[in-house]
Every structure is written in structure tokens, then in C-alpha cells.
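See below for the structure under consideration.
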Number of protein chains: 2
Amino acid sequence: MRPSRTSREEILQKLSQVFRRDGYTGASLADLANAVGLGKASLYQKFPDGKAQMGEEVLAEIGRQFDGEVLAPVREAGPIDRRLSKMLAGLRKFYEDGKLPCALDTLSLGEAGQLYRHPLSEAIRHWQEALTNLGEEAGLSPAKAAVWAEEVVISIQGALVLSRAANDPEIFRRAVKRLGKCLADSR
Amino acid sequence: MRPSRTSREEILQKLSQVFRRDGYTGASLADLANAVGLGKASLYQKFPDGKAQMGEEVLAEIGRQFDGEVLAPVREAGPIDRRLSKMLAGLRKFYEDGKLPCALDTLSLGEAGQLYRHPLSEAIRHWQEALTNLGEEAGLSPAKAAVWAEEVVISIQGALVLSRAANDPEIFRRAVKRLGKCLADSR
DNA sequence: GTCTATAATAGGATAGAC
DNA sequence: GTCTATCCTATTATAGAC
């Protein structure tokens, strides 16, 4: 019997929390092992290439989770407003109402930025692409839709940074709320 | 003769580059000493409390620099548009056209976030305050001015994160350019 | 003031028992 | 599969020479 897939998913979930909170350098193997509830040596059994591999698989897992919780609603059929507000609800959950940082931020610092260059830019591209399509469906020109998509991603990232630095998750919640009203304004 | 003030300023300038690029945990004493051009022991002569003190003084120095290069133009007399565009030029210089991260981002991760809680939130408050005043002078209601100020700060922070993660400083330049046109839209 | 040398500890990674 | 024990290197920090 092959190793259960959910189990690894759960491990990656725990690991991702540490990486997102503390960044790549800030996440020590002791922290990571602790979060998973295993010894360091056991982690190396599952990730023979060590921390770098953990980060890589965590990024992939985060990407899948983001796709399911945030982007799937954007792409489904139905009225634009409903899909947008489902995405915003997904974002609130994914970022735990502004209390959990984004890996695009915390895994792009220093050495990690080089290490994960491609997955990071691909993740951004996917997000913007889904939003651009939504913007066009809402009646924006391709150019305006692309700008709107970029501004949405920027707003989320900026609000997360500000919430963390100011220690005030309300900043994130306010920003999400404003995004619910701004599609019409871009027209 | 007491130690020259510019010399310490220059040291803090070098240190701040490392902290901003690599974050608090990512900046090792070897990196920091190297950037300054001194041995590690010499750094401890100047900062007896080590890395924590360096970060603290770096944040203070960054605050002064930001105040001079970015916020001073916002507060000076003259037409609103001119002051806004001077701020944007200041931002482009301060963030080296999107290539140098903001300390609000990279020094708010993990342990550093707790360590520098107060200077970080104070820095944000100062920035938002100056922008809110500008917004009111431009004719916005106090409430709308506060929202506009928050959105400007969010846009800058988000654009910096995105530029870094996507490895594309153009994202930052575009965002700054858009900020030059958005004050009127908030009215 | 700055350096070399060195201590003390933490971090990443592996060996081998169970 | 997981653990204890261990290795090696990097990191923070200090002592003491110049």
C-alpha cells in the first residue's frame, strides 16, 4: 500500500504555516519538525533534499490550495459579482483574515527569492490571468482588465504587509471590502 | 572630538540595505560586517547589543531618510499635484525603482515583527498621516482622505512585494505612475 | 578602533538503533 | 517510520592583541 496522499498534504499544510509566518531563512528545521510533530530526522526521511525541497513542495501545495479556494470561484459560471465575492471570501479564508502572510512575500526574500524564482512568478501569472479574464467578462477592455487584475493582486499583497507591520488585521479586512466595490469603477 | 555623525549615518545606510534585502533573520553578522567593510568585532564596538540594536537604529535611520526624501515634499507649501509628484519621485528613489524592498515588509517577519512592533507601526502612522493631510487639502473629506492614504501605502507595499516575487521592477514603476492620477478619482 | 582568535550556541544534515 | 545521537558548519558574541 502506497503512502496516503492526505497525510503528506497535512504535513505540507503544517510546513506552509511556518514558512509563511517566518519566511524561508526564519523557518528552522527545529520549527518545521515541531510544527509537523516529528523529529528532524523523520522530516529528512520524507524530504531527502531538506529544507529546499520542503519549500518547493510547500509552494506547490499552496498553489493547489489557492487554486481551489480562491481561483476556482473566479473561473466558474455565474454572475460576475457573485464570482468576485466568492473570491474575496476565499481570500479572507486563505489569508486567515489578514493574520497569515502570503508566501509570495515571505518566500521571495533573499536566497529563497532566487531558489523559487519560477514557481513564484508562475503563481502570480496564474492569479493575474484568472482576474484578467474575469475583468474582460465584466466588460473591461483587455488592457483595463489587465490593469485591474494587477491592482487587485497589489492591494491584497500590500494590505497583508501593512496588516502585519501595523499589527492590525482590520487593514486587510477593509481592503478586501473595498475590492468588492471597485470592479465597476474600473469600467 | 566626538565621533562624526555622518560616519554612523553611512554605516546605518549600509546596514539598512542588507536588512531590507534579506530581512532580519536573513541578515547575518558576516553579511552586515561585510557590507560596512569592517570586521564583526568592530561592529560590536559600535553596537554593543548586537543585531537587535543594529536593526533598531537602522529602522530609526530609515525613518529619518523616508521623512526627508518622501514625506517632506508632501508637507511643503505649493500646489497639491506638484507635492504628490515630488513624493512619487521620492518613492522611486527610496525604493530604488522597485528593486530595494521596504523595511516595513522585511523587518516585520517572525521574531523581528515582535521586536520592532512599535517603530514599525509608528512609521506607518506617520506616512498615513502626511498623506491624509494632503488628501484633505486636495478637497477630500477626512474619511475619504484616510481611505485614500491607506490605499496609497497599500499600493506601494503591494507593488514592492509583487515586483520582487515576479522579479519585475516594472510592476512597481507602473503602480507609482498610476498613483499620480488617482487623487482626482477619489474625490 | 580595528583586528585575529575563539568561545558558545544554533542550524542543517546524516548514521544507525529500534 | 521514527527516534537518539552525532557531525559539521554557520552564527552570534566576546577576549585580548595591536
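Here's how to read the names in the C-alpha cells: chain A, B, ... by the order shown, residue numbers from 1 in each chain, ligand numbers from 1 in the order shown.
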
Polymer residues at most 10 Å from DC18 in chain D, only C-alpha atoms (C1' of nucleotides), same-chain spacing of 2 or more positions, as number ranges by chain: C: 2-3; D: 16

Using the selection just defined, write its residues with N, CA, C and O atoms (P, O5', C5', C4', C3', O3' and C1' of nucleotides) as a PDB file, in the first residue's frame.
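Just written: selection_12.pdb:
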ATOM      1  P    DT C   2      36.737  51.584  13.193  1.00  0.00           P
ATOM      2  O5'  DT C   2      37.498  50.234  12.856  1.00  0.00           O
ATOM      3  C5'  DT C   2      38.829  50.299  12.358  1.00  0.00           C
ATOM      4  C4'  DT C   2      39.570  49.016  12.660  1.00  0.00           C
ATOM      5  C3'  DT C   2      38.801  47.743  12.325  1.00  0.00           C
ATOM      6  O3'  DT C   2      39.269  47.192  11.100  1.00  0.00           O
ATOM      7  C1'  DT C   2      40.081  47.554  14.335  1.00  0.00           C
ATOM      8  P    DC C   3      38.767  45.743  10.613  1.00  0.00           P
ATOM      9  O5'  DC C   3      39.796  44.741  11.309  1.00  0.00           O
ATOM     10  C5'  DC C   3      41.164  44.755  10.916  1.00  0.00           C
ATOM     11  C4'  DC C   3      41.975  43.838  11.818  1.00  0.00           C
ATOM     12  C3'  DC C   3      41.516  42.387  11.768  1.00  0.00           C
ATOM     13  O3'  DC C   3      42.344  41.636  10.895  1.00  0.00           O
ATOM     14  C1'  DC C   3      41.821  43.132  14.042  1.00  0.00           C
TER      15       DC C   3
ATOM     16  P    DG D  16      40.508  38.156  28.319  1.00  0.00           P
ATOM     17  O5'  DG D  16      41.589  38.572  27.237  1.00  0.00           O
ATOM     18  C5'  DG D  16      42.051  37.589  26.310  1.00  0.00           C
ATOM     19  C4'  DG D  16      42.943  38.251  25.269  1.00  0.00           C
ATOM     20  C3'  DG D  16      43.843  39.377  25.819  1.00  0.00           C
ATOM     21  O3'  DG D  16      45.060  39.324  25.104  1.00  0.00           O
ATOM     22  C1'  DG D  16      42.546  40.220  24.096  1.00  0.00           C
TER      23       DG D  16
END

Test item: residues at most 10 Å from range 9-14 of chain D, only C-alpha atoms (C1' of nucleotides), excluding those fewer than 2 positions along its chain, as an MDAnalysis selection string: (chainID B and resid 28:30 40:41 44 48:51) or (chainID C and resid 6:12) or (chainID D and resid 7 16)

Residue contacts of DT2 in chain D (10 Å, only C-alpha atoms (C1' of nucleotides)) excluding same-chain residues fewer than 3 positions away, as number ranges by chain: A: 38-43, 45; C: 18

Selected residues written out, C-alpha atoms (C1' of nucleotides), as an mmCIF file, in the first residue's frame:
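Contents of the output file out27.cif:
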data_model
loop_
_atom_site.group_PDB
_atom_site.id
_atom_site.type_symbol
_atom_site.label_atom_id
_atom_site.label_comp_id
_atom_site.auth_asym_id
_atom_site.auth_seq_id
_atom_site.Cartn_x
_atom_site.Cartn_y
_atom_site.Cartn_z
ATOM 1 C CA LEU A 38 8.011 14.754 14.104
ATOM 2 C CA GLY A 39 11.722 14.697 14.772
ATOM 3 C CA LYS A 40 14.098 16.385 12.367
ATOM 4 C CA ALA A 41 15.411 13.050 11.112
ATOM 5 C CA SER A 42 11.878 11.928 10.239
ATOM 6 C CA LEU A 43 11.393 15.040 8.156
ATOM 7 C CA GLN A 45 13.006 10.742 5.511
ATOM 8 C "C1'" DC C 18 14.673 0.354 17.352
#

May I have the residues within 9 Å of Ile124 in chain B as a ChimeraX atom specification, using only C-alpha atoms (C1' of nucleotides) and disregarding those fewer than 2 positions away in the same chain? /A:162,165-166 /B:104,119-122,126-129,153

Could you find all residues in range 36-155 of chain A that DSSP calls alpha helix (DSSP H) from the backbone, and write them as an MDAnalysis selection string? chainID A and resid 36 40:46 50:66 72:75 80:94 103:106 110:115 117:137 142:155

Give me, as a VMD selection string, the residues of chain A touching chain B, with the criterion being at most 9 Å (counting only C-alpha atoms). chain A and resid 21 to 27 101 104 to 111 113 116 to 118 120 to 125 150 to 151 153 to 162 164 to 167 171 175

Smallest atom-to-atom distance to chain D: which of B:Ala52, B:Leu131, B:Leu100, B:Ala146, using only C-alpha atoms (C1' of nucleotides)? B:Ala52

Which neighbours of DA17 in chain C fall inside 10 Å, counting only C-alpha atoms (C1' of nucleotides), when residues of the same chain fewer than 6 positions from it are skipped, and could you give them as number ranges by chain? D: 3-5

Export of prior selection with N, CA, C and O atoms (P, O5', C5', C4', C3', O3' and C1' of nucleotides) as an mmCIF file, in the first residue's frame:
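Now in again_34.cif:
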data_model
loop_
_atom_site.group_PDB
_atom_site.id
_atom_site.type_symbol
_atom_site.label_atom_id
_atom_site.label_comp_id
_atom_site.auth_asym_id
_atom_site.auth_seq_id
_atom_site.Cartn_x
_atom_site.Cartn_y
_atom_site.Cartn_z
ATOM 1 P P DC D 3 9.462 10.946 16.175
ATOM 2 O "O5'" DC D 3 10.714 10.289 16.901
ATOM 3 C "C5'" DC D 3 10.521 9.326 17.935
ATOM 4 C "C4'" DC D 3 11.856 8.734 18.353
ATOM 5 C "C3'" DC D 3 12.876 9.796 18.777
ATOM 6 O "O3'" DC D 3 12.997 9.821 20.192
ATOM 7 C "C1'" DC D 3 13.843 8.205 17.246
ATOM 8 P P DT D 4 13.930 10.991 20.835
ATOM 9 O "O5'" DT D 4 15.381 10.321 20.849
ATOM 10 C "C5'" DT D 4 15.600 9.064 21.491
ATOM 11 C "C4'" DT D 4 17.084 8.718 21.419
ATOM 12 C "C3'" DT D 4 18.029 9.804 21.952
ATOM 13 O "O3'" DT D 4 19.105 9.182 22.638
ATOM 14 C "C1'" DT D 4 18.520 9.417 19.680
ATOM 15 P P DA D 5 20.217 10.118 23.375
ATOM 16 O "O5'" DA D 5 21.429 10.065 22.354
ATOM 17 C "C5'" DA D 5 21.783 8.831 21.725
ATOM 18 C "C4'" DA D 5 22.846 9.105 20.668
ATOM 19 C "C3'" DA D 5 23.846 10.200 21.061
ATOM 20 O "O3'" DA D 5 25.168 9.725 20.850
ATOM 21 C "C1'" DA D 5 22.898 10.681 18.940
#

Contacts of Glu9 in chain A within 12 Å, only C-alpha atoms (C1' of nucleotides), excl. fewer than 4 positions in-chain, as a ChimeraX atom specification: /A:3-5,13-16,36,54,57-62,64-65

Since we have the selection now, will you write its residues out, keeping N, CA, C and O atoms, as an mmCIF file, in the first residue's frame?
data_model
loop_
_atom_site.group_PDB
_atom_site.id
_atom_site.type_symbol
_atom_site.label_atom_id
_atom_site.label_comp_id
_atom_site.auth_asym_id
_atom_site.auth_seq_id
_atom_site.Cartn_x
_atom_site.Cartn_y
_atom_site.Cartn_z
ATOM 1 N N PRO A 3 1.935 5.236 0.307
ATOM 2 C CA PRO A 3 1.723 6.244 1.362
ATOM 3 C C PRO A 3 0.493 7.093 1.093
ATOM 4 O O PRO A 3 0.249 7.506 -0.042
ATOM 5 N N SER A 4 -0.279 7.340 2.098
ATOM 6 C CA SER A 4 -1.526 8.083 1.912
ATOM 7 C C SER A 4 -1.253 9.516 1.486
ATOM 8 O O SER A 4 -0.378 10.184 2.029
ATOM 9 N N ARG A 5 -2.028 9.956 0.526
ATOM 10 C CA ARG A 5 -1.774 11.282 -0.036
ATOM 11 C C ARG A 5 -2.204 12.407 0.924
ATOM 12 O O ARG A 5 -1.584 13.463 0.979
ATOM 13 N N GLN A 13 0.792 21.231 4.781
ATOM 14 C CA GLN A 13 -0.030 22.299 5.347
ATOM 15 C C GLN A 13 0.633 22.892 6.593
ATOM 16 O O GLN A 13 0.736 24.109 6.742
ATOM 17 N N LYS A 14 1.105 22.029 7.471
ATOM 18 C CA LYS A 14 1.791 22.494 8.686
ATOM 19 C C LYS A 14 3.074 23.251 8.334
ATOM 20 O O LYS A 14 3.361 24.314 8.896
ATOM 21 N N LEU A 15 3.824 22.672 7.398
ATOM 22 C CA LEU A 15 5.069 23.318 6.988
ATOM 23 C C LEU A 15 4.807 24.702 6.403
ATOM 24 O O LEU A 15 5.542 25.658 6.664
ATOM 25 N N SER A 16 3.749 24.787 5.608
ATOM 26 C CA SER A 16 3.483 26.062 4.932
ATOM 27 C C SER A 16 3.192 27.169 5.943
ATOM 28 O O SER A 16 3.552 28.317 5.734
ATOM 29 N N VAL A 36 5.175 19.951 12.494
ATOM 30 C CA VAL A 36 4.634 18.711 11.938
ATOM 31 C C VAL A 36 4.389 17.694 13.047
ATOM 32 O O VAL A 36 3.519 16.832 12.932
ATOM 33 N N MET A 54 11.439 21.021 0.975
ATOM 34 C CA MET A 54 10.217 21.367 1.716
ATOM 35 C C MET A 54 9.600 22.646 1.161
ATOM 36 O O MET A 54 8.398 22.705 0.886
ATOM 37 N N GLU A 57 7.975 21.963 -2.295
ATOM 38 C CA GLU A 57 6.698 21.246 -2.245
ATOM 39 C C GLU A 57 5.632 22.068 -1.536
ATOM 40 O O GLU A 57 4.441 21.977 -1.869
ATOM 41 N N VAL A 58 6.045 22.850 -0.566
ATOM 42 C CA VAL A 58 5.083 23.720 0.110
ATOM 43 C C VAL A 58 4.513 24.725 -0.885
ATOM 44 O O VAL A 58 3.302 24.969 -0.917
ATOM 45 N N LEU A 59 5.383 25.292 -1.716
ATOM 46 C CA LEU A 59 4.901 26.250 -2.716
ATOM 47 C C LEU A 59 3.912 25.593 -3.670
ATOM 48 O O LEU A 59 2.881 26.188 -4.019
ATOM 49 N N ALA A 60 4.209 24.369 -4.076
ATOM 50 C CA ALA A 60 3.286 23.666 -4.976
ATOM 51 C C ALA A 60 1.954 23.410 -4.280
ATOM 52 O O ALA A 60 0.885 23.611 -4.871
ATOM 53 N N GLU A 61 2.013 22.979 -3.042
ATOM 54 C CA GLU A 61 0.785 22.704 -2.287
ATOM 55 C C GLU A 61 -0.029 23.988 -2.069
ATOM 56 O O GLU A 61 -1.252 23.997 -2.235
ATOM 57 N N ILE A 62 0.655 25.063 -1.728
ATOM 58 C CA ILE A 62 -0.022 26.344 -1.571
ATOM 59 C C ILE A 62 -0.699 26.742 -2.875
ATOM 60 O O ILE A 62 -1.823 27.243 -2.887
ATOM 61 N N ARG A 64 -1.875 24.780 -5.203
ATOM 62 C CA ARG A 64 -3.087 23.983 -5.392
ATOM 63 C C ARG A 64 -4.212 24.489 -4.492
ATOM 64 O O ARG A 64 -5.369 24.616 -4.914
ATOM 65 N N GLN A 65 -3.846 24.790 -3.240
ATOM 66 C CA GLN A 65 -4.859 25.266 -2.296
ATOM 67 C C GLN A 65 -5.454 26.601 -2.766
ATOM 68 O O GLN A 65 -6.675 26.790 -2.748
#

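Computed from the coordinates, the CA of Leu71 in chain B to CA of Leu179 in chain B distance equals 15.4 Å.
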
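A straight line drawn from CA of Lys144 in chain A to CA of Lys93 in chain A is 27.7 Å long.
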
Work out how far apart CA of Pro142 in chain B and CA of Leu84 in chain B are and give it in Å to one decimal. 17.7 Å
